[in-house]
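Some notes on the structure that comes next.
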There are 2 protein chains.
Amino acid sequence: MGGDFAPANVVAGALDAMQESGERFSILLVGQREKIQQELNKRSREHTCAVVDAREIVTMDDAPNAALKTKKDSSITVGITLHRDGKADAFVSAGNTGAVMSASTLILGRLGEIGRPTIGALIPTEQTPCLLVDAGANVDSRPRHLFEFGVMGSVYVSSMLGNSNPRVGMLSIGEEDSKGNEVSLEALRLLRGSRLNFVGNVEGGDILKGKVDVAVCDGFVGNILLKFGESIPPFLKAKFTAYAKNSLLNALVTLIARRGMRTIMSELDYQEHGGVPLLGVNGVSIIGHGRSTPKAIKNMIYRAEEMVIRNVNAHIQEAILSYA
Amino acid sequence: MGGDFAPANVVAGALDAMQESGERFSILLVGQREKIQQELNKRSREHTCAVVDAREIVTMDDAPNAALKTKKDSSITVGITLHRDGKADAFVSAGNTGAVMSASTLILGRLGEIGRPTIGALIPTEQTPCLLVDAGANVDSRPRHLFEFGVMGSVYVSSMLGNSNPRVGMLSIGEEDSKGNEVSLEALRLLRGSRLNFVGNVEGGDILKGKVDVAVCDGFVGNILLKFGESIPPFLKAKFTAYAKNSLLNALVTLIARRGMRTIMSELDYQEHGGVPLLGVNGVSIIGHGRSTPKAIKNMIYRAEEMVIRNVNAHIQEAILSYA
């Protein structure tokens, strides 16, 4: 029920996933029954989803603890509880990110040995995508947390992207081991001592070059970087529009180039790829943009399914224990 | 003598500046006399620069304190000392950033009341450029330092860009006053209490939108963000090249679009705009990329001249005292 286009886009994305996948899974839609039913009625009855009623709505402006404290009958709380109780294998939401994170962590609990769950976001690069961990779940992380982000990120990339030996880098302000801040320098030491395929410090300019498969940072840095990256396509669009207005020739060039631009920009449109996983909780919780399209919702559902099938959490637990 | 194309690009840029400006200033070229003379000899004698001999070279791999400890006869140390002694009104270098910063701070000293000098980097936006402070001079900054970055950034933008009331924002992970890390939250409080035109927290996605004229952050965040931004043009170029290779039509589209792309990319090419100022030292010190082109060097010289003419340091001192 959260998100900017709820429940319309969520219902549409869920039905698309059911149809495209040939119903290889089932979906419980959690929220205000009548509103969900209304959206379901707009589509053919060939594929459908069960509805679980939840009366309250956590808005985008609610505090992160709203789902747990004041809105216990919200789609977030009810949905995650269904997952905890084994009535669902995964949880997917386009609602309030902080609320989903906090409710997931508290209701599902953390995986053993994990100090802080993290959000990993895939960023397109010149080569294969790079997972940025933490992309915004934690601020003021301690070195041990950054180390865990590296382990969880490495497991996620190897389990989900078929890269058996992901290169992990510590995001910093220079390549030398002496470069960094207090926390990153200590995390660097922990990561160097691990059995990860750790390449050392990487700089901000190394991400798009595809120099690492996992870039480790505190969520304060990761969130700012991720949102900066997401603002590149609209920025370029504005620049091209201004350029086109300069002359008839420019307008013509821009018109012809539009096709190529669109293809390249769609690659940069992070949200089209659908949601980010919350890693380190005892379950599968995928968080999407508030403005998720049906396509993004569909992709989030596929991602959740894949995390279950590939047993990512078991691999994380194993890795944390063996690297600890 | 530092930088990737020294002294060729430095000499060429200096002569270009002399010629273009009609010699409204004079330039002392500091470094190995014979190498500089060789470059000077390649050009017409109509415009020339004095040469001050300095035998040592701080390389890009030297430690930041090299200019002061082991290479006291380097172009960096000799040049900054000329400035301190009043034999030059400003110092410009494309050498080792850390060495220039550290030598500038120690030889020139800090402006009264300033805890930590900062580097401000202009980032292109959909509207007027945004000054990112700190862009990499400091890590583990304290709240008071971030506050000073905001004051210095605001003064720089108002003095140099003719914006009399710059909007200053605290770079954070959400717009609400409750969002941030320990240091940013306390800095937010200091900035809120100041007489700056402070708009509160801004997110990573707000920079390119042009929502603020000054974005305040710790140098760890600023450096990563700046380098990420600098890597966008080569990334897009790689994507367009890959797109062009897909089909003959794509190749044709890319060929036609190249003109527009180049115009837009040159705007994104931060280094073309020439150097970043070190703010908060008792002097004018402009630091350029190691790979600075003659054009970048020329622009750095103009920027230094303008900082002197516009009396930026006096304004910073005044502002810090009145805002303290």
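Scheme for the structure tokens: letters A, B, ... for chains in order shown; per-chain residue numbers from 1; ligand numbers from 1 in order shown.
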
Contacts of A:Met1 at 6 Å (only C-alpha atoms; same-chain gap of 2+ positions) as JSON, numbers by chain: {"A": [6, 7, 31, 57]}

Test item: chain B residues at most 8 Å from chain A, counting only C-alpha atoms, as a ChimeraX atom specification: /B:125-126,136,139-140,171-173,180-182,203-209,220-221,223-232,235,238-240,243,250,253-254,256-257,260,264

Selection: 9 Å around B:Arg142, only C-alpha atoms, excl. self and same-chain fewer than 2 positions, as a list of chain:residue names: B:Asp140, B:Arg144, B:His145, B:Leu146, B:Phe147, B:Val183, B:Ser184, B:Glu186, B:Ala187, B:Asp218

Could you write those residues out with N, CA, C and O atoms, as a PDB file, in the first residue's frame?
```pdb
ATOM      1  N   ASP B 140      37.399  12.641   8.214  1.00  0.00           N
ATOM      2  CA  ASP B 140      37.052  12.686   9.636  1.00  0.00           C
ATOM      3  C   ASP B 140      36.918  14.132  10.132  1.00  0.00           C
ATOM      4  O   ASP B 140      37.408  14.489  11.203  1.00  0.00           O
ATOM      5  N   ARG B 144      32.274  21.404  13.403  1.00  0.00           N
ATOM      6  CA  ARG B 144      32.748  22.774  13.254  1.00  0.00           C
ATOM      7  C   ARG B 144      33.462  22.976  11.910  1.00  0.00           C
ATOM      8  O   ARG B 144      33.345  24.025  11.280  1.00  0.00           O
ATOM      9  N   HIS B 145      34.205  21.956  11.472  1.00  0.00           N
ATOM     10  CA  HIS B 145      34.883  22.063  10.179  1.00  0.00           C
ATOM     11  C   HIS B 145      33.869  22.149   9.043  1.00  0.00           C
ATOM     12  O   HIS B 145      34.020  22.952   8.121  1.00  0.00           O
ATOM     13  N   LEU B 146      32.834  21.310   9.113  1.00  0.00           N
ATOM     14  CA  LEU B 146      31.815  21.331   8.065  1.00  0.00           C
ATOM     15  C   LEU B 146      31.136  22.698   8.023  1.00  0.00           C
ATOM     16  O   LEU B 146      30.839  23.237   6.955  1.00  0.00           O
ATOM     17  N   PHE B 147      30.911  23.248   9.196  1.00  0.00           N
ATOM     18  CA  PHE B 147      30.331  24.588   9.274  1.00  0.00           C
ATOM     19  C   PHE B 147      31.236  25.597   8.555  1.00  0.00           C
ATOM     20  O   PHE B 147      30.777  26.407   7.741  1.00  0.00           O
ATOM     21  N   VAL B 183      28.051  13.343  12.720  1.00  0.00           N
ATOM     22  CA  VAL B 183      28.751  14.593  12.413  1.00  0.00           C
ATOM     23  C   VAL B 183      27.868  15.533  11.589  1.00  0.00           C
ATOM     24  O   VAL B 183      27.787  16.737  11.855  1.00  0.00           O
ATOM     25  N   SER B 184      27.163  14.985  10.590  1.00  0.00           N
ATOM     26  CA  SER B 184      26.356  15.855   9.726  1.00  0.00           C
ATOM     27  C   SER B 184      25.185  16.455  10.502  1.00  0.00           C
ATOM     28  O   SER B 184      24.798  17.598  10.254  1.00  0.00           O
ATOM     29  N   GLU B 186      25.116  17.280  13.671  1.00  0.00           N
ATOM     30  CA  GLU B 186      25.592  18.380  14.512  1.00  0.00           C
ATOM     31  C   GLU B 186      25.984  19.584  13.635  1.00  0.00           C
ATOM     32  O   GLU B 186      25.723  20.741  13.997  1.00  0.00           O
ATOM     33  N   ALA B 187      26.564  19.301  12.463  1.00  0.00           N
ATOM     34  CA  ALA B 187      26.906  20.391  11.538  1.00  0.00           C
ATOM     35  C   ALA B 187      25.637  21.088  11.052  1.00  0.00           C
ATOM     36  O   ALA B 187      25.601  22.314  10.902  1.00  0.00           O
ATOM     37  N   ASP B 218      31.930  16.126   4.243  1.00  0.00           N
ATOM     38  CA  ASP B 218      33.290  15.741   4.607  1.00  0.00           C
ATOM     39  C   ASP B 218      34.058  15.405   3.321  1.00  0.00           C
ATOM     40  O   ASP B 218      33.465  14.966   2.332  1.00  0.00           O
TER      41      ASP B 218
END
```

Those of stretch 12-253 of chain B in DSSP strand (DSSP E), formatted as a ChimeraX atom specification: /B:28-31,50-53,91-93,118-123,130-133,168-171,198-202,214-216

Contact residues around A:Val151 with only C-alpha atoms at 9 Å, ignoring same-chain residues under 5 positions, as a ChimeraX atom specification: /A:146,156,168,191,196,316,319-320,323

Any chance you could list, as a compact mmCIF listing (two decimals) with N, CA and C atoms, in the first residue's frame, the residues in stretch 150-270 of chain A that come up alpha helix (DSSP H) when DSSP is run on the backbone?
```
# COMPACT_ATOMS: atom_id res chain seq x y z
N GLY A 150 31.06 -6.32 3.07
CA GLY A 150 31.89 -6.91 2.02
C GLY A 150 31.60 -8.40 1.84
N VAL A 151 31.46 -9.11 2.96
CA VAL A 151 31.18 -10.55 2.91
C VAL A 151 29.80 -10.79 2.29
N MET A 152 28.79 -10.07 2.78
CA MET A 152 27.43 -10.27 2.27
C MET A 152 27.34 -9.89 0.79
N GLY A 153 28.02 -8.80 0.42
CA GLY A 153 28.00 -8.37 -0.98
C GLY A 153 28.65 -9.40 -1.88
N SER A 154 29.76 -9.95 -1.42
CA SER A 154 30.47 -10.95 -2.21
C SER A 154 29.60 -12.19 -2.41
N VAL A 155 28.94 -12.63 -1.34
CA VAL A 155 28.07 -13.80 -1.44
C VAL A 155 26.90 -13.51 -2.38
N TYR A 156 26.32 -12.32 -2.27
CA TYR A 156 25.18 -11.97 -3.12
C TYR A 156 25.57 -12.01 -4.60
N VAL A 157 26.71 -11.40 -4.92
CA VAL A 157 27.15 -11.35 -6.32
C VAL A 157 27.48 -12.75 -6.83
N SER A 158 28.13 -13.56 -5.99
CA SER A 158 28.47 -14.89 -6.48
C SER A 158 27.23 -15.77 -6.60
N SER A 159 26.28 -15.65 -5.67
CA SER A 159 25.07 -16.48 -5.73
C SER A 159 24.13 -16.04 -6.84
N MET A 160 23.99 -14.71 -7.00
CA MET A 160 22.92 -14.21 -7.88
C MET A 160 23.40 -13.86 -9.28
N GLU A 182 39.25 7.10 9.38
CA GLU A 182 39.54 6.18 10.49
C GLU A 182 38.85 4.82 10.32
N VAL A 183 37.55 4.89 10.00
CA VAL A 183 36.75 3.66 9.91
C VAL A 183 37.15 2.84 8.68
N SER A 184 37.35 3.52 7.54
CA SER A 184 37.66 2.77 6.32
C SER A 184 39.04 2.11 6.42
N LEU A 185 39.98 2.78 7.10
CA LEU A 185 41.33 2.21 7.24
C LEU A 185 41.31 0.93 8.06
N GLU A 186 40.49 0.94 9.11
CA GLU A 186 40.40 -0.26 9.96
C GLU A 186 39.63 -1.36 9.22
N ALA A 187 38.60 -0.97 8.47
CA ALA A 187 37.85 -1.96 7.69
C ALA A 187 38.76 -2.57 6.61
N LEU A 188 39.61 -1.74 6.03
CA LEU A 188 40.56 -2.21 5.02
C LEU A 188 41.43 -3.33 5.60
N ARG A 189 41.86 -3.12 6.84
CA ARG A 189 42.71 -4.11 7.50
C ARG A 189 41.95 -5.43 7.69
N LEU A 190 40.69 -5.33 8.11
CA LEU A 190 39.87 -6.53 8.31
C LEU A 190 39.64 -7.25 6.97
N LEU A 191 39.35 -6.47 5.93
CA LEU A 191 39.08 -7.07 4.62
C LEU A 191 40.34 -7.69 4.03
N ARG A 192 41.49 -7.04 4.24
CA ARG A 192 42.77 -7.59 3.77
C ARG A 192 43.06 -8.94 4.44
N ASP A 206 36.46 4.56 -9.99
CA ASP A 206 36.69 3.17 -10.39
C ASP A 206 35.40 2.37 -10.56
N ILE A 207 34.30 2.87 -9.99
CA ILE A 207 33.05 2.11 -10.03
C ILE A 207 32.54 1.96 -11.45
N LEU A 208 32.32 3.08 -12.14
CA LEU A 208 31.78 3.01 -13.51
C LEU A 208 32.74 2.32 -14.46
N LYS A 209 34.03 2.34 -14.12
CA LYS A 209 35.01 1.63 -14.95
C LYS A 209 34.86 0.11 -14.81
N GLY A 219 26.77 3.50 4.69
CA GLY A 219 25.52 3.85 4.01
C GLY A 219 25.35 5.33 3.75
N PHE A 220 26.04 6.17 4.51
CA PHE A 220 25.96 7.62 4.28
C PHE A 220 26.58 7.94 2.91
N VAL A 221 27.75 7.38 2.66
CA VAL A 221 28.43 7.57 1.37
C VAL A 221 27.65 6.88 0.26
N GLY A 222 27.23 5.63 0.53
CA GLY A 222 26.55 4.83 -0.50
C GLY A 222 25.25 5.46 -0.96
N ASN A 223 24.47 5.96 -0.01
CA ASN A 223 23.19 6.57 -0.36
C ASN A 223 23.38 7.83 -1.20
N ILE A 224 24.34 8.66 -0.79
CA ILE A 224 24.60 9.90 -1.54
C ILE A 224 25.07 9.57 -2.96
N LEU A 225 25.96 8.59 -3.06
CA LEU A 225 26.48 8.19 -4.36
C LEU A 225 25.38 7.60 -5.25
N LEU A 226 24.57 6.73 -4.67
CA LEU A 226 23.49 6.08 -5.43
C LEU A 226 22.52 7.12 -5.97
N LYS A 227 22.12 8.05 -5.12
CA LYS A 227 21.15 9.06 -5.55
C LYS A 227 21.77 10.02 -6.57
N PHE A 228 23.06 10.29 -6.40
CA PHE A 228 23.76 11.12 -7.39
C PHE A 228 23.71 10.39 -8.74
N GLY A 229 24.02 9.11 -8.73
CA GLY A 229 24.00 8.31 -9.95
C GLY A 229 22.63 8.28 -10.61
N GLU A 230 21.60 8.16 -9.78
CA GLU A 230 20.23 8.11 -10.31
C GLU A 230 19.83 9.43 -10.95
N ILE A 232 21.73 11.24 -12.87
CA ILE A 232 22.47 11.49 -14.12
C ILE A 232 21.54 11.48 -15.35
N PRO A 233 20.67 10.45 -15.52
CA PRO A 233 19.82 10.47 -16.72
C PRO A 233 18.95 11.73 -16.85
N PRO A 234 18.21 12.15 -15.81
CA PRO A 234 17.44 13.39 -15.99
C PRO A 234 18.33 14.60 -16.26
N PHE A 235 19.53 14.61 -15.66
CA PHE A 235 20.46 15.71 -15.90
C PHE A 235 20.87 15.76 -17.38
N LEU A 236 21.24 14.59 -17.93
CA LEU A 236 21.65 14.55 -19.33
C LEU A 236 20.49 14.91 -20.25
N LYS A 237 19.30 14.47 -19.86
CA LYS A 237 18.11 14.79 -20.66
C LYS A 237 17.92 16.31 -20.71
N ALA A 238 18.07 16.94 -19.57
CA ALA A 238 17.91 18.41 -19.51
C ALA A 238 18.98 19.09 -20.38
N LYS A 239 20.20 18.57 -20.33
CA LYS A 239 21.28 19.15 -21.12
C LYS A 239 21.02 18.99 -22.62
N PHE A 240 20.53 17.81 -23.01
CA PHE A 240 20.23 17.57 -24.42
C PHE A 240 19.08 18.46 -24.89
N THR A 241 18.10 18.64 -24.03
CA THR A 241 16.96 19.49 -24.39
C THR A 241 17.43 20.93 -24.62
N ALA A 242 18.30 21.39 -23.72
CA ALA A 242 18.83 22.76 -23.85
C ALA A 242 19.66 22.87 -25.13
N TYR A 243 20.44 21.83 -25.40
CA TYR A 243 21.27 21.80 -26.60
C TYR A 243 20.40 21.86 -27.85
N ALA A 244 19.31 21.08 -27.84
CA ALA A 244 18.42 21.02 -29.00
C ALA A 244 17.80 22.37 -29.29
N LEU A 248 18.44 24.81 -35.12
CA LEU A 248 17.65 23.81 -35.84
C LEU A 248 18.50 22.55 -36.07
N LEU A 249 19.78 22.77 -36.37
CA LEU A 249 20.68 21.63 -36.60
C LEU A 249 20.80 20.79 -35.33
N ASN A 250 20.99 21.49 -34.20
CA ASN A 250 21.09 20.77 -32.94
C ASN A 250 19.81 19.98 -32.65
N ALA A 251 18.68 20.59 -32.96
CA ALA A 251 17.40 19.93 -32.72
C ALA A 251 17.32 18.65 -33.55
N LEU A 252 17.79 18.74 -34.79
CA LEU A 252 17.76 17.60 -35.70
C LEU A 252 18.68 16.49 -35.17
N VAL A 253 19.89 16.89 -34.77
CA VAL A 253 20.87 15.93 -34.24
C VAL A 253 20.28 15.22 -33.02
N THR A 254 19.67 16.00 -32.14
CA THR A 254 19.10 15.43 -30.92
C THR A 254 17.98 14.45 -31.23
N LEU A 255 17.17 14.83 -32.23
CA LEU A 255 16.05 13.97 -32.63
C LEU A 255 16.57 12.62 -33.10
N ILE A 256 17.61 12.67 -33.93
CA ILE A 256 18.17 11.43 -34.48
C ILE A 256 18.84 10.62 -33.36
N ALA A 257 19.48 11.33 -32.43
CA ALA A 257 20.23 10.64 -31.38
C ALA A 257 19.32 10.07 -30.30
N ARG A 258 18.07 10.49 -30.29
CA ARG A 258 17.17 10.12 -29.19
C ARG A 258 17.10 8.60 -28.97
N ARG A 259 17.07 7.88 -30.09
CA ARG A 259 16.95 6.43 -30.02
C ARG A 259 18.12 5.82 -29.22
N GLY A 260 19.34 6.23 -29.58
CA GLY A 260 20.51 5.72 -28.89
C GLY A 260 20.54 6.15 -27.44
N MET A 261 20.21 7.41 -27.23
CA MET A 261 20.20 7.94 -25.86
C MET A 261 19.27 7.11 -24.98
N ARG A 262 18.08 6.81 -25.51
CA ARG A 262 17.11 6.08 -24.72
C ARG A 262 17.63 4.71 -24.31
N THR A 263 18.25 4.04 -25.26
CA THR A 263 18.80 2.70 -24.98
C THR A 263 19.82 2.79 -23.85
N ILE A 264 20.71 3.77 -23.95
CA ILE A 264 21.79 3.89 -22.97
C ILE A 264 21.24 4.35 -21.62
N MET A 265 20.29 5.28 -21.66
CA MET A 265 19.71 5.79 -20.41
C MET A 265 18.94 4.69 -19.67
N SER A 266 18.28 3.81 -20.42
CA SER A 266 17.49 2.77 -19.76
C SER A 266 18.43 1.85 -18.97
N GLU A 267 19.66 1.73 -19.47
CA GLU A 267 20.65 0.93 -18.75
C GLU A 267 21.02 1.61 -17.43
N LEU A 268 21.00 2.95 -17.48
CA LEU A 268 21.37 3.73 -16.30
C LEU A 268 20.22 3.87 -15.33
```

Between atom CA of B:Asp62 and atom CA of B:Cys217, distance in Å (one decimal):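 One can read the atom CA of B:Asp62 to atom CA of B:Cys217 distance as 26.7 Å.
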
Contact residues around B:Lys295 with only C-alpha atoms at 12 Å, ignoring same-chain residues under 5 positions, as a ChimeraX atom specification: /B:9-17,20,271-275,288-289,300-302
